[in-house]
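Colleague: This is structure-v6.txt, which holds compact mmCIF, C-alpha atoms and all ligand atoms:
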# COMPACT_ATOMS: atom_id res chain seq x y z
CA MET A 1 80.33 97.00 66.72
CA SER A 2 79.48 100.30 68.33
CA VAL A 3 81.50 102.70 66.16
CA PHE A 4 79.47 104.39 63.43
CA PRO A 5 80.88 106.48 60.58
CA ALA A 6 79.53 110.03 60.92
CA SER A 7 77.10 109.87 57.98
CA ALA A 8 73.96 112.02 58.02
CA GLU A 9 71.90 108.87 58.54
CA ASN A 10 73.96 107.70 61.55
CA ILE A 11 73.94 111.18 63.10
CA TYR A 12 70.15 111.14 62.89
CA LYS A 13 70.04 107.61 64.35
CA LEU A 14 72.18 108.61 67.33
CA ALA A 15 70.08 111.75 67.87
CA THR A 16 67.10 109.45 68.40
CA VAL A 17 69.14 107.48 70.97
CA ILE A 18 69.69 110.79 72.81
CA SER A 19 65.97 111.56 72.65
CA ILE A 20 65.18 108.39 74.63
CA GLY A 21 67.55 109.43 77.42
CA LYS A 22 70.61 107.36 76.46
CA PRO A 23 74.22 108.52 76.13
CA VAL A 24 76.19 108.58 72.87
CA ALA A 25 79.83 109.48 72.21
CA PHE A 26 80.65 112.11 69.62
CA PRO A 27 83.71 113.97 68.36
CA THR A 28 84.46 117.61 69.11
CA GLU A 29 87.55 119.53 68.10
CA THR A 30 88.90 119.22 71.67
CA VAL A 31 88.23 115.60 72.75
CA TYR A 32 85.44 113.04 72.30
CA GLY A 33 82.45 113.76 74.51
CA LEU A 34 79.88 111.51 76.18
CA GLY A 35 76.63 113.34 75.50
CA VAL A 36 73.09 113.22 76.85
CA ASP A 37 70.09 115.55 76.71
CA ALA A 38 71.16 118.16 79.29
CA ARG A 39 67.51 118.68 80.35
CA ASN A 40 67.00 115.04 81.36
CA ASP A 41 67.99 114.43 85.02
CA GLU A 42 68.13 110.65 84.73
CA ALA A 43 70.16 110.74 81.52
CA VAL A 44 72.66 113.08 83.21
CA ALA A 45 72.81 110.74 86.23
CA LYS A 46 73.67 107.86 83.86
CA ILE A 47 76.70 109.81 82.63
CA PHE A 48 78.13 109.92 86.13
CA GLU A 49 77.37 106.25 86.59
CA ILE A 50 78.98 104.97 83.39
CA LYS A 51 82.03 107.22 83.81
CA CYS A 52 82.36 105.85 87.39
CA ARG A 53 82.84 109.39 88.65
CA PRO A 54 83.15 109.38 92.43
CA GLN A 55 81.90 113.00 92.60
CA PHE A 56 79.30 115.18 90.90
CA ASN A 57 81.45 117.74 89.07
CA PRO A 58 79.52 120.22 86.97
CA LEU A 59 79.47 119.30 83.27
CA ILE A 60 79.94 121.42 80.17
CA VAL A 61 76.70 121.92 78.25
CA HIS A 62 77.18 121.96 74.48
CA VAL A 63 74.89 124.07 72.32
CA ARG A 64 74.51 124.87 68.62
CA ASP A 65 75.08 128.60 68.74
CA LEU A 66 75.03 131.73 70.88
CA ALA A 67 71.27 132.17 70.37
CA GLN A 68 70.61 128.77 71.98
CA ALA A 69 73.18 129.50 74.71
CA GLU A 70 71.31 132.70 75.56
CA THR A 71 68.10 130.75 76.21
CA LEU A 72 69.96 128.86 78.98
CA GLY A 73 72.40 131.38 80.45
CA ILE A 74 72.67 135.12 81.03
CA PHE A 75 75.45 136.75 79.02
CA SER A 76 77.06 139.97 80.22
CA PRO A 77 78.37 142.25 77.43
CA ILE A 78 81.87 140.83 78.06
CA ALA A 79 80.68 137.21 77.92
CA LYS A 80 78.84 138.04 74.72
CA SER A 81 81.86 139.58 73.06
CA LEU A 82 83.96 136.49 73.94
CA ALA A 83 81.27 134.24 72.49
CA LEU A 84 80.92 136.33 69.32
CA MET A 85 84.68 136.26 68.69
CA HIS A 86 85.53 132.69 69.71
CA TRP A 87 82.46 130.50 69.12
CA PRO A 88 82.29 127.99 67.62
CA GLY A 89 85.51 126.93 69.28
CA ALA A 90 87.43 125.58 72.26
CA LEU A 91 86.07 128.15 74.70
CA THR A 92 83.72 127.34 77.59
CA LEU A 93 81.95 130.23 79.31
CA VAL A 94 80.55 129.89 82.84
CA VAL A 95 77.56 132.22 83.12
CA PRO A 96 74.56 132.62 85.46
CA ARG A 97 71.84 130.09 84.72
CA ARG A 98 68.61 131.49 83.30
CA SER A 99 65.57 130.21 85.10
CA ASN A 100 62.80 129.05 82.76
CA ASN A 101 60.45 127.81 85.43
CA ALA A 102 57.45 127.77 83.18
CA SER A 103 59.04 125.62 80.49
CA HIS A 104 60.65 122.21 80.35
CA ASN A 105 63.69 123.64 78.66
CA GLU A 106 65.74 124.05 81.78
CA VAL A 107 69.09 122.29 82.06
CA SER A 108 69.15 119.57 84.75
CA LEU A 109 70.43 120.87 88.10
CA LEU A 110 72.58 117.73 88.27
CA ALA A 111 74.43 118.87 85.11
CA SER A 112 75.67 121.93 87.01
CA ALA A 113 76.01 119.99 90.30
CA GLY A 114 73.33 122.17 91.87
CA LEU A 115 75.05 125.47 91.04
CA PRO A 116 73.12 128.53 89.84
CA SER A 117 75.58 128.82 86.94
CA LEU A 118 76.17 126.92 83.69
CA ALA A 119 79.27 126.09 81.67
CA LEU A 120 78.37 126.53 77.98
CA ARG A 121 80.28 125.83 74.78
CA VAL A 122 79.58 125.84 71.05
CA PRO A 123 81.83 123.15 69.53
CA ALA A 124 83.31 123.77 66.06
CA HIS A 125 83.50 120.14 64.91
CA PRO A 126 81.00 119.68 62.04
CA VAL A 127 79.82 116.30 63.41
CA ALA A 128 79.15 117.82 66.85
CA GLN A 129 77.28 120.67 65.12
CA GLU A 130 75.17 118.26 63.07
CA LEU A 131 74.39 116.12 66.12
CA LEU A 132 73.30 119.20 68.10
CA THR A 133 71.02 120.21 65.23
CA ALA A 134 69.54 116.71 64.86
CA ALA A 135 69.08 116.17 68.62
CA GLN A 136 67.38 119.57 69.06
CA CYS A 137 68.53 119.83 72.66
CA PRO A 138 71.56 121.02 74.61
CA LEU A 139 74.02 118.17 75.27
CA ALA A 140 75.69 117.75 78.65
CA ALA A 141 78.98 116.12 77.72
CA PRO A 142 82.10 115.40 79.74
CA SER A 143 85.04 113.66 78.07
CA ALA A 144 84.20 110.12 76.90
CA ASN A 145 86.56 108.24 79.20
CA LYS A 146 86.22 106.46 82.52
CA SER A 147 87.16 108.60 85.49
CA GLY A 148 90.94 108.81 85.88
CA GLN A 149 91.74 107.61 82.33
CA LEU A 150 93.21 109.72 79.54
CA SER A 151 90.86 111.91 77.50
CA PRO A 152 89.92 110.19 74.22
CA THR A 153 90.92 111.86 70.96
CA GLN A 154 89.86 109.03 68.61
CA ALA A 155 86.75 106.86 68.36
CA SER A 156 88.87 103.77 69.14
CA HIS A 157 89.94 105.31 72.48
CA VAL A 158 86.28 105.68 73.45
CA ALA A 159 85.49 102.12 72.35
CA LYS A 160 88.19 100.80 74.69
CA ASP A 161 86.48 102.32 77.77
CA PHE A 162 82.88 101.95 76.51
CA PRO A 163 82.60 98.97 74.12
CA ASN A 164 78.78 98.95 74.29
CA LEU A 165 78.16 102.62 73.71
CA PRO A 166 77.17 104.03 70.29
CA ILE A 167 80.10 106.15 69.09
CA LEU A 168 80.10 108.55 66.13
CA ASP A 169 83.48 108.38 64.41
CA GLY A 170 84.59 111.83 63.28
CA GLY A 171 88.30 111.02 62.99
CA ALA A 172 91.04 112.28 65.28
CA CYS A 173 90.27 115.46 67.28
CA ALA A 174 92.11 118.43 65.75
CA LYS A 175 93.11 119.96 69.08
CA GLY A 176 93.23 116.95 71.39
CA LEU A 177 93.14 119.08 74.53
CA GLU A 178 90.15 120.25 76.59
CA SER A 179 88.52 123.66 76.16
CA THR A 180 89.71 126.80 77.92
CA ILE A 181 87.21 127.80 80.64
CA ILE A 182 86.40 131.43 81.46
CA GLY A 183 84.18 132.36 84.40
CA CYS A 184 81.82 135.24 83.58
CA LEU A 185 79.89 135.46 86.84
CA GLN A 186 81.37 138.72 88.06
CA GLU A 187 82.18 141.98 86.38
CA GLU A 188 85.70 140.80 85.65
CA PRO A 189 86.05 137.51 83.76
CA VAL A 190 88.54 134.97 85.16
CA LEU A 191 90.47 132.11 83.62
CA LEU A 192 89.30 128.93 85.38
CA ARG A 193 91.08 126.29 83.31
CA ARG A 194 93.83 126.50 80.73
CA GLY A 195 92.97 124.60 77.57
CA SER A 196 93.44 124.49 73.85
CA LEU A 197 92.48 128.12 73.21
CA ASP A 198 95.41 130.36 74.13
CA PRO A 199 94.30 132.93 76.75
CA SER A 200 96.27 135.62 74.88
CA GLU A 201 93.72 135.28 72.05
CA LEU A 202 90.96 136.01 74.56
CA GLU A 203 92.95 138.90 76.04
CA LYS A 204 93.11 140.46 72.57
CA THR A 205 89.31 140.44 72.47
CA LEU A 206 89.02 141.76 76.03
CA GLY A 207 91.79 144.37 75.86
CA PHE A 208 93.10 143.39 79.31
CA LYS A 209 94.92 140.53 81.04
CA LEU A 210 92.94 137.67 82.53
CA ASN A 211 93.36 136.63 86.14
CA PHE A 212 93.94 132.92 86.59
CA LEU A 213 91.72 131.42 89.29
CA PRO A 214 92.39 127.68 89.01
CA GLU A 215 89.19 125.67 89.34
CA ASP A 216 90.69 123.18 91.77
CA ASP A 217 92.66 125.58 93.96
CA SER A 218 90.41 125.88 96.98
CA GLN A 219 92.91 128.15 98.77
CA THR A 220 92.91 130.75 96.03
CA ALA A 221 89.16 130.34 95.76
CA GLN A 222 88.77 131.11 99.45
CA LEU A 223 91.12 134.07 99.45
CA ALA A 224 89.89 135.76 96.30
CA PRO A 225 87.19 138.31 97.01
CA GLY A 226 83.92 137.65 95.23
CA ARG A 227 85.22 134.20 94.36
CA LEU A 228 83.28 131.91 92.09
CA VAL A 229 81.26 129.41 94.03
CA ARG A 230 82.08 125.94 92.72
CA HIS A 231 80.13 123.77 95.10
CA TYR A 232 76.47 124.05 95.89
CA ALA A 233 76.02 124.45 99.65
CA PRO A 234 72.50 124.61 101.10
CA GLN A 235 71.64 127.25 103.70
CA ALA A 236 69.80 124.69 105.81
CA GLY A 237 71.81 122.52 108.20
CA LEU A 238 72.08 118.88 107.14
CA ARG A 239 71.98 115.89 109.52
CA LEU A 240 73.18 112.74 107.77
CA ASN A 241 72.24 109.09 108.37
CA ALA A 242 69.06 110.12 110.16
CA VAL A 243 66.68 107.34 111.19
CA THR A 244 64.17 109.63 112.91
CA VAL A 245 63.08 113.18 112.11
CA GLU A 246 63.06 116.07 114.58
CA GLN A 247 60.31 118.66 114.81
CA ASP A 248 61.96 121.45 112.82
CA GLU A 249 63.43 119.19 110.18
CA GLY A 250 62.39 118.37 106.65
CA LEU A 251 63.36 114.93 105.36
CA LEU A 252 65.41 113.87 102.39
CA ALA A 253 64.29 110.26 102.25
CA PHE A 254 65.59 107.21 100.40
CA GLY A 255 63.86 103.86 99.95
CA LYS A 256 60.50 102.69 101.21
CA ASP A 257 60.96 102.53 104.99
CA VAL A 258 60.50 106.22 105.69
CA PRO A 259 60.22 107.45 109.33
CA PRO A 260 57.30 109.72 110.23
CA CYS A 261 57.87 113.40 109.36
CA GLU A 262 55.60 116.36 110.13
CA ASN A 263 57.27 118.68 107.63
CA LEU A 264 58.18 118.46 103.97
CA CYS A 265 59.42 114.99 103.01
CA LEU A 266 60.97 114.40 99.59
CA ASN A 267 62.09 110.94 98.56
CA LEU A 268 65.17 110.58 96.34
CA SER A 269 63.90 107.18 95.21
CA SER A 270 61.19 105.22 96.98
CA SER A 271 62.26 102.08 95.08
CA GLY A 272 65.88 102.54 96.24
CA ASN A 273 67.21 103.20 92.71
CA LEU A 274 70.49 105.13 92.92
CA ILE A 275 70.26 106.58 89.37
CA GLU A 276 66.84 108.00 90.20
CA ALA A 277 68.23 109.27 93.52
CA ALA A 278 71.12 111.07 91.78
CA ALA A 279 68.71 112.54 89.25
CA ASN A 280 66.60 114.01 92.08
CA LEU A 281 69.40 115.00 94.47
CA PHE A 282 69.86 118.71 93.72
CA THR A 283 66.22 119.46 92.89
CA HIS A 284 65.08 117.96 96.20
CA LEU A 285 67.89 119.64 98.17
CA HIS A 286 67.03 123.04 96.67
CA GLU A 287 63.36 122.62 97.51
CA LEU A 288 63.97 121.47 101.08
CA ASP A 289 66.53 124.25 101.51
CA THR A 290 63.97 126.94 100.67
CA LYS A 291 61.25 125.43 102.88
CA THR A 292 62.92 124.04 106.02
CA PRO A 293 65.66 125.34 108.36
CA ARG A 294 67.16 121.88 108.84
CA ILE A 295 67.24 118.77 106.71
CA ALA A 296 67.48 115.21 107.99
CA VAL A 297 68.95 112.86 105.42
CA MET A 298 68.31 109.12 105.50
CA PRO A 299 71.28 106.76 105.02
CA ILE A 300 72.17 106.10 101.38
CA PRO A 301 74.12 102.97 100.40
CA ASN A 302 77.69 103.85 99.54
CA GLU A 303 77.81 101.84 96.31
CA GLY A 304 77.71 102.91 92.64
CA LEU A 305 76.27 106.42 92.37
CA GLY A 306 75.58 106.31 96.13
CA ALA A 307 79.26 107.19 96.73
CA ALA A 308 78.94 110.40 94.69
CA ILE A 309 75.64 111.24 96.41
CA ASN A 310 77.22 110.74 99.84
CA ASP A 311 80.30 112.76 98.85
CA ARG A 312 78.08 115.72 97.96
CA LEU A 313 75.90 115.37 101.07
CA GLU A 314 78.96 115.20 103.33
CA ARG A 315 80.37 118.39 101.81
CA ALA A 316 77.02 120.12 102.18
CA ALA A 317 76.82 119.05 105.84
CA ALA A 318 80.41 120.17 106.51
CA SER A 319 79.88 123.59 104.91
CA LYS A 320 77.61 124.66 107.78
P1 LIG T 401 85.12 118.54 81.58
O1 LIG T 401 85.66 117.63 82.66
O2 LIG T 401 86.06 118.76 80.44
O3 LIG T 401 83.75 118.17 81.17
O4 LIG T 401 85.01 119.98 82.21
C1 LIG T 401 84.16 120.28 83.22
C2 LIG T 401 84.80 121.37 83.99
O5 LIG T 401 84.08 122.57 83.81
C3 LIG T 401 84.75 121.04 85.46
O6 LIG T 401 86.03 120.67 85.92
C4 LIG T 401 84.22 122.25 86.15
O7 LIG T 401 85.06 122.72 87.15
C5 LIG T 401 84.00 123.28 85.04
N1 LIG T 401 82.63 123.78 85.21
C6 LIG T 401 81.53 123.28 84.67
N2 LIG T 401 80.42 123.94 85.09
C7 LIG T 401 80.86 124.90 85.93
C8 LIG T 401 80.22 125.90 86.71
N3 LIG T 401 78.90 126.04 86.70
N4 LIG T 401 80.99 126.68 87.48
C9 LIG T 401 82.33 126.54 87.50
N5 LIG T 401 82.99 125.62 86.80
C10 LIG T 401 82.28 124.80 86.01
MG MG T 402 87.75 114.75 81.45
If you took the structure in this file and wrote it as structure tokens, what would it be?
Ligand code: AMP
Ligand code: MG
Modeller:
Amino acid sequence: MSVFPASAENIYKLATVISIGKPVAFPTETVYGLGVDARNDEAVAKIFEIKCRPQFNPLIVHVRDLAQAETLGIFSPIAKSLALMHWPGALTLVVPRRSNNASHNEVSLLASAGLPSLALRVPAHPVAQELLTAAQCPLAAPSANKSGQLSPTQASHVAKDFPNLPILDGGACAKGLESTIIGCLQEEPVLLRRGSLDPSELEKTLGFKLNFLPEDDSQTAQLAPGRLVRHYAPQAGLRLNAVTVEQDEGLLAFGKDVPPCENLCLNLSSSGNLIEAAANLFTHLHELDTKTPRIAVMPIPNEGLGAAINDRLERAAASK
């Protein structure tokens, strides 16, 4: 039996599961989330694996309050006024990521799919709040369903997709629909996804109408000036399925049979572990991107998380 009533004792127990890098499911007022410590690359990689997501979409990072959110992201005055008026609640704000290089408090780059921004939300559900307090870390949490299935609004829905996962039962979700997402990366905020918070409520706070820039409409995204960047694309050219390395190339390696390389060589996983490879993907790409003009990428098996890794590498190669 993996469903636990949301008692203080069980919330504490599941917070300790999170602290050892494992996922737990928990209720929010929108839908049930599948949460891990957002700072732990491997734990975030496991989320993609167990959800069977074929792509690395950026995840929403759940925090206790605005003060914690401000340690992770940079809030413009407009973003701050939205947070002050509508948090805790069904509002997700996409803001520039704050870089805390010196500390270990940084959110995993995999959680934001390599982007220099973060999607942050303070959930209103008391069980989510208590779990965030007990876990003492931000929680990266997509909806607790397998990719392509309906979003779960009851603990029993989660148990159907994930019978072996610990699930906190907080009853039926009051809203039952995902959060509304607002992008706050430019001067003017934009509506990225409609959700359970009515945009007219946000417009009352802002005093003006929001532009709708759908998150999955690549045409609008390309046409709109100063558009939000939704996919991380390295500056360096990528050469996929490389078995040798050229003189001006750095190497993104995988496995133990690595060809000779005179420049920077970073291995996604020398033991050939795809979870470890996913966990390292964006950190290694960013580092190679700043240090080499071209990146050779060794072949990566197209199974399990390898499919999502290859999807992202192919897009990065095509963006040049
Ligand atoms: P969900 O599937 O409910 O977890 O919501 C995640 C959604 O938030 C994704 O579809 C993303 O498009 C959006 N999102 C998360 N992080 C970012 C980001 N850094 N920039 C733009 N959109 C984001
Ligand atoms: Mg979902």
Colleague: Give me the residues near Ala90 of chain A as a ChimeraX atom specification, where near means some atom within 7 Å (using all atoms listed in the file) and where sequence neighbours in that chain fewer than 3 positions away do not count.
Modeller: /A:30,123,179-180,196-197
Colleague: Pull the closest atom pair for each residue of segment 18-109 of chain A that gets at most 12 Å from segment 144-157 of chain A, along with the distance in Å to one decimal, counting only C-alpha atoms, ordering rows by chain and then ascending residue number, as a tab-separated table.
Modeller:
residue	atom	partner	partner_atom	distance
A:Pro23	CA	A:Ala144	CA	10.1
A:Val24	CA	A:Ala144	CA	9.1
A:Ala25	CA	A:Ala144	CA	6.4
A:Phe26	CA	A:Ala155	CA	8.1
A:Pro27	CA	A:Ala155	CA	7.7
A:Thr28	CA	A:Thr153	CA	8.8
A:Glu29	CA	A:Thr153	CA	8.9
A:Thr30	CA	A:Thr153	CA	7.7
A:Val31	CA	A:Thr153	CA	4.9
A:Tyr32	CA	A:Ala144	CA	5.6
A:Gly33	CA	A:Ala144	CA	4.7
A:Leu34	CA	A:Ala144	CA	4.6
A:Gly35	CA	A:Ala144	CA	8.3
A:Val36	CA	A:Ala144	CA	11.5
A:Ile47	CA	A:Ala144	CA	9.4
A:Phe48	CA	A:Ser147	CA	9.1
A:Glu49	CA	A:Lys146	CA	9.7
A:Ile50	CA	A:Lys146	CA	7.4
A:Lys51	CA	A:Lys146	CA	4.4
A:Cys52	CA	A:Ser147	CA	5.8
A:Arg53	CA	A:Ser147	CA	5.4
A:Pro54	CA	A:Ser147	CA	8.1
A:Gln55	CA	A:Ser147	CA	9.9
A:Phe56	CA	A:Ser147	CA	11.6
A:Asn57	CA	A:Ser147	CA	11.4
Colleague: Would you export the selected residues with C-alpha atoms as a PDB file, in the coordinates of the input, please?
Modeller:
ATOM      1  CA  PRO A  23      74.220 108.520  76.130  1.00  0.00           C
ATOM      2  CA  VAL A  24      76.190 108.580  72.870  1.00  0.00           C
ATOM      3  CA  ALA A  25      79.830 109.480  72.210  1.00  0.00           C
ATOM      4  CA  PHE A  26      80.650 112.110  69.620  1.00  0.00           C
ATOM      5  CA  PRO A  27      83.710 113.970  68.360  1.00  0.00           C
ATOM      6  CA  THR A  28      84.460 117.610  69.110  1.00  0.00           C
ATOM      7  CA  GLU A  29      87.550 119.530  68.100  1.00  0.00           C
ATOM      8  CA  THR A  30      88.900 119.220  71.670  1.00  0.00           C
ATOM      9  CA  VAL A  31      88.230 115.600  72.750  1.00  0.00           C
ATOM     10  CA  TYR A  32      85.440 113.040  72.300  1.00  0.00           C
ATOM     11  CA  GLY A  33      82.450 113.760  74.510  1.00  0.00           C
ATOM     12  CA  LEU A  34      79.880 111.510  76.180  1.00  0.00           C
ATOM     13  CA  GLY A  35      76.630 113.340  75.500  1.00  0.00           C
ATOM     14  CA  VAL A  36      73.090 113.220  76.850  1.00  0.00           C
ATOM     15  CA  ILE A  47      76.700 109.810  82.630  1.00  0.00           C
ATOM     16  CA  PHE A  48      78.130 109.920  86.130  1.00  0.00           C
ATOM     17  CA  GLU A  49      77.370 106.250  86.590  1.00  0.00           C
ATOM     18  CA  ILE A  50      78.980 104.970  83.390  1.00  0.00           C
ATOM     19  CA  LYS A  51      82.030 107.220  83.810  1.00  0.00           C
ATOM     20  CA  CYS A  52      82.360 105.850  87.390  1.00  0.00           C
ATOM     21  CA  ARG A  53      82.840 109.390  88.650  1.00  0.00           C
ATOM     22  CA  PRO A  54      83.150 109.380  92.430  1.00  0.00           C
ATOM     23  CA  GLN A  55      81.900 113.000  92.600  1.00  0.00           C
ATOM     24  CA  PHE A  56      79.300 115.180  90.900  1.00  0.00           C
ATOM     25  CA  ASN A  57      81.450 117.740  89.070  1.00  0.00           C
TER      26      ASN A  57
END
Colleague: With distances taken over all atoms listed in the file, which residue among A:Val297, A:Leu264, A:Ser269, A:Asn280 lies nearest Thr244 of chain A?
Modeller: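 Closest candidate: A:Val297.
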Colleague: Given a cut-off of 8 Å, what residues near ligand LIG 401 (chain T) show up using all atoms listed in the file, put as a PDB file with C-alpha atoms, in the coordinates of the input?
Modeller:
ATOM      1  CA  ASN A  57      81.450 117.740  89.070  1.00  0.00           C
ATOM      2  CA  PRO A  58      79.520 120.220  86.970  1.00  0.00           C
ATOM      3  CA  LEU A  59      79.470 119.300  83.270  1.00  0.00           C
ATOM      4  CA  ILE A  60      79.940 121.420  80.170  1.00  0.00           C
ATOM      5  CA  THR A  92      83.720 127.340  77.590  1.00  0.00           C
ATOM      6  CA  VAL A  94      80.550 129.890  82.840  1.00  0.00           C
ATOM      7  CA  VAL A  95      77.560 132.220  83.120  1.00  0.00           C
ATOM      8  CA  PRO A  96      74.560 132.620  85.460  1.00  0.00           C
ATOM      9  CA  ALA A 111      74.430 118.870  85.110  1.00  0.00           C
ATOM     10  CA  SER A 112      75.670 121.930  87.010  1.00  0.00           C
ATOM     11  CA  ALA A 113      76.010 119.990  90.300  1.00  0.00           C
ATOM     12  CA  LEU A 115      75.050 125.470  91.040  1.00  0.00           C
ATOM     13  CA  PRO A 116      73.120 128.530  89.840  1.00  0.00           C
ATOM     14  CA  SER A 117      75.580 128.820  86.940  1.00  0.00           C
ATOM     15  CA  LEU A 118      76.170 126.920  83.690  1.00  0.00           C
ATOM     16  CA  ALA A 119      79.270 126.090  81.670  1.00  0.00           C
ATOM     17  CA  LEU A 120      78.370 126.530  77.980  1.00  0.00           C
ATOM     18  CA  ALA A 141      78.980 116.120  77.720  1.00  0.00           C
ATOM     19  CA  PRO A 142      82.100 115.400  79.740  1.00  0.00           C
ATOM     20  CA  SER A 143      85.040 113.660  78.070  1.00  0.00           C
ATOM     21  CA  GLU A 178      90.150 120.250  76.590  1.00  0.00           C
ATOM     22  CA  SER A 179      88.520 123.660  76.160  1.00  0.00           C
ATOM     23  CA  ILE A 181      87.210 127.800  80.640  1.00  0.00           C
ATOM     24  CA  GLY A 183      84.180 132.360  84.400  1.00  0.00           C
ATOM     25  CA  LEU A 192      89.300 128.930  85.380  1.00  0.00           C
ATOM     26  CA  ARG A 193      91.080 126.290  83.310  1.00  0.00           C
ATOM     27  CA  GLU A 215      89.190 125.670  89.340  1.00  0.00           C
ATOM     28  CA  ASP A 216      90.690 123.180  91.770  1.00  0.00           C
ATOM     29  CA  LEU A 228      83.280 131.910  92.090  1.00  0.00           C
ATOM     30  CA  VAL A 229      81.260 129.410  94.030  1.00  0.00           C
ATOM     31  CA  ARG A 230      82.080 125.940  92.720  1.00  0.00           C
TER      32      ARG A 230
END
Colleague: Find the residue from A:Pro299, A:Pro293, A:Pro126, A:Gly176 that sits nearest to ligand MG 402 (chain T); use all atoms listed in the file when measuring.
Modeller: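 Closest candidate: A:Gly176.
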Colleague: So, counting only C-alpha atoms and all ligand atoms, which residue among A:Leu251, A:Leu177, A:Leu288, A:Ser81 is closest to ligand MG 402 (chain T)?
Modeller: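 When distances to ligand MG 402 (chain T) are compared using only C-alpha atoms and all ligand atoms, the smallest one comes from A:Leu177.
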Colleague: Need the shell around Cys137 of chain A: protein/DNA/RNA residues with any atom at most 8 Å away, counting only C-alpha atoms. Skip same-chain ones fewer than 6 positions apart. Format as a VMD selection string?
Modeller: chain A and resid 37 to 39 63
Colleague: For atom CA of Met85 of chain A and atom CA of Glu203 of chain A, determine how far apart the two atoms are, in Å to one decimal place.
Modeller: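 Computing the Euclidean distance for atom CA of Met85 of chain A and atom CA of Glu203 of chain A yields 11.4 Å.
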Colleague: In Å to one decimal, how far is atom CA of Ala242 of chain A from atom CA of Asp257 of chain A?
Modeller: 12.2 Å
Colleague: Select all residues near (80.6, 101.6, 65.5) (cut-off 10 Å, inclusive, file coordinates), counting all atoms listed in the file, and output them as a VMD selection string.
Modeller: chain A and resid 1 to 6 10 155 to 156 159 163 to 169
Colleague: With only C-alpha atoms as the counted atoms, please give the residues lying no more than 9 Å from segment 232-235 of chain A, apart from itself and same-chain residues fewer than 2 positions off, as a PyMOL selection string.
Modeller: chain A and resi 113-116+229-230+237-238+282+285-286+289-290+293-294+312+315-317+319-320
Colleague: Rounded to one decimal, what separation in Å do you get between atom CA of Ile20 of chain A and atom CA of Leu131 of chain A?
Modeller: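 Separation between atom CA of Ile20 of chain A and atom CA of Leu131 of chain A: 14.7 Å.
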Colleague: Kindly indicate which residue among A:Pro260, A:Pro77, A:Gly195, A:Gly306 lies nearest to ligand MG 402 (chain T), using only C-alpha atoms and all ligand atoms for the distances.
Modeller: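 For ligand MG 402 (chain T), the nearest of the candidates is A:Gly195.
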Colleague: Residues near Gly250 of chain A, anyone? I mean within 7 Å using only C-alpha atoms, not counting same-chain ones fewer than 2 positions away, as number ranges by chain.
Modeller: A: 248, 252, 263-265, 288, 292, 294-296
Colleague: Choose the residue, out of A:Ile275, A:Cys184, A:Leu202, A:Leu240, that has the smallest atom-to-atom separation from Ala45 of chain A; count only C-alpha atoms.
Modeller: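 Nearest candidate to Ala45 of chain A out of A:Ile275, A:Cys184, A:Leu202, A:Leu240: A:Ile275.
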Colleague: Of the candidates A:Cys261, A:Ala124, A:Leu84, A:Leu210, which shows the shortest atom-to-atom distance to Pro189 of chain A, using all atoms listed in the file?
Modeller: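 Going through A:Cys261, A:Ala124, A:Leu84, A:Leu210 one by one, the smallest distance to Pro189 of chain A is for A:Leu210.
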Colleague: Ala253 of chain A: which residues within 7 Å, counting all atoms listed in the file, same-chain residues fewer than 4 positions away excluded, as a list of chain:residue names?
Modeller: A:Val258, A:Cys265, A:Leu266, A:Asn267, A:Leu268, A:Val297, A:Met298
Colleague: Kindly export the residues of the current selection with C-alpha atoms, as a tab-separated table (two decimals), in the frame of the given file.
Modeller:
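As written to disk, selection-v2.tsv reads:
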chain	number	residue	atom	x	y	z
A	258	VAL	CA	60.50	106.22	105.69
A	265	CYS	CA	59.42	114.99	103.01
A	266	LEU	CA	60.97	114.40	99.59
A	267	ASN	CA	62.09	110.94	98.56
A	268	LEU	CA	65.17	110.58	96.34
A	297	VAL	CA	68.95	112.86	105.42
A	298	MET	CA	68.31	109.12	105.50
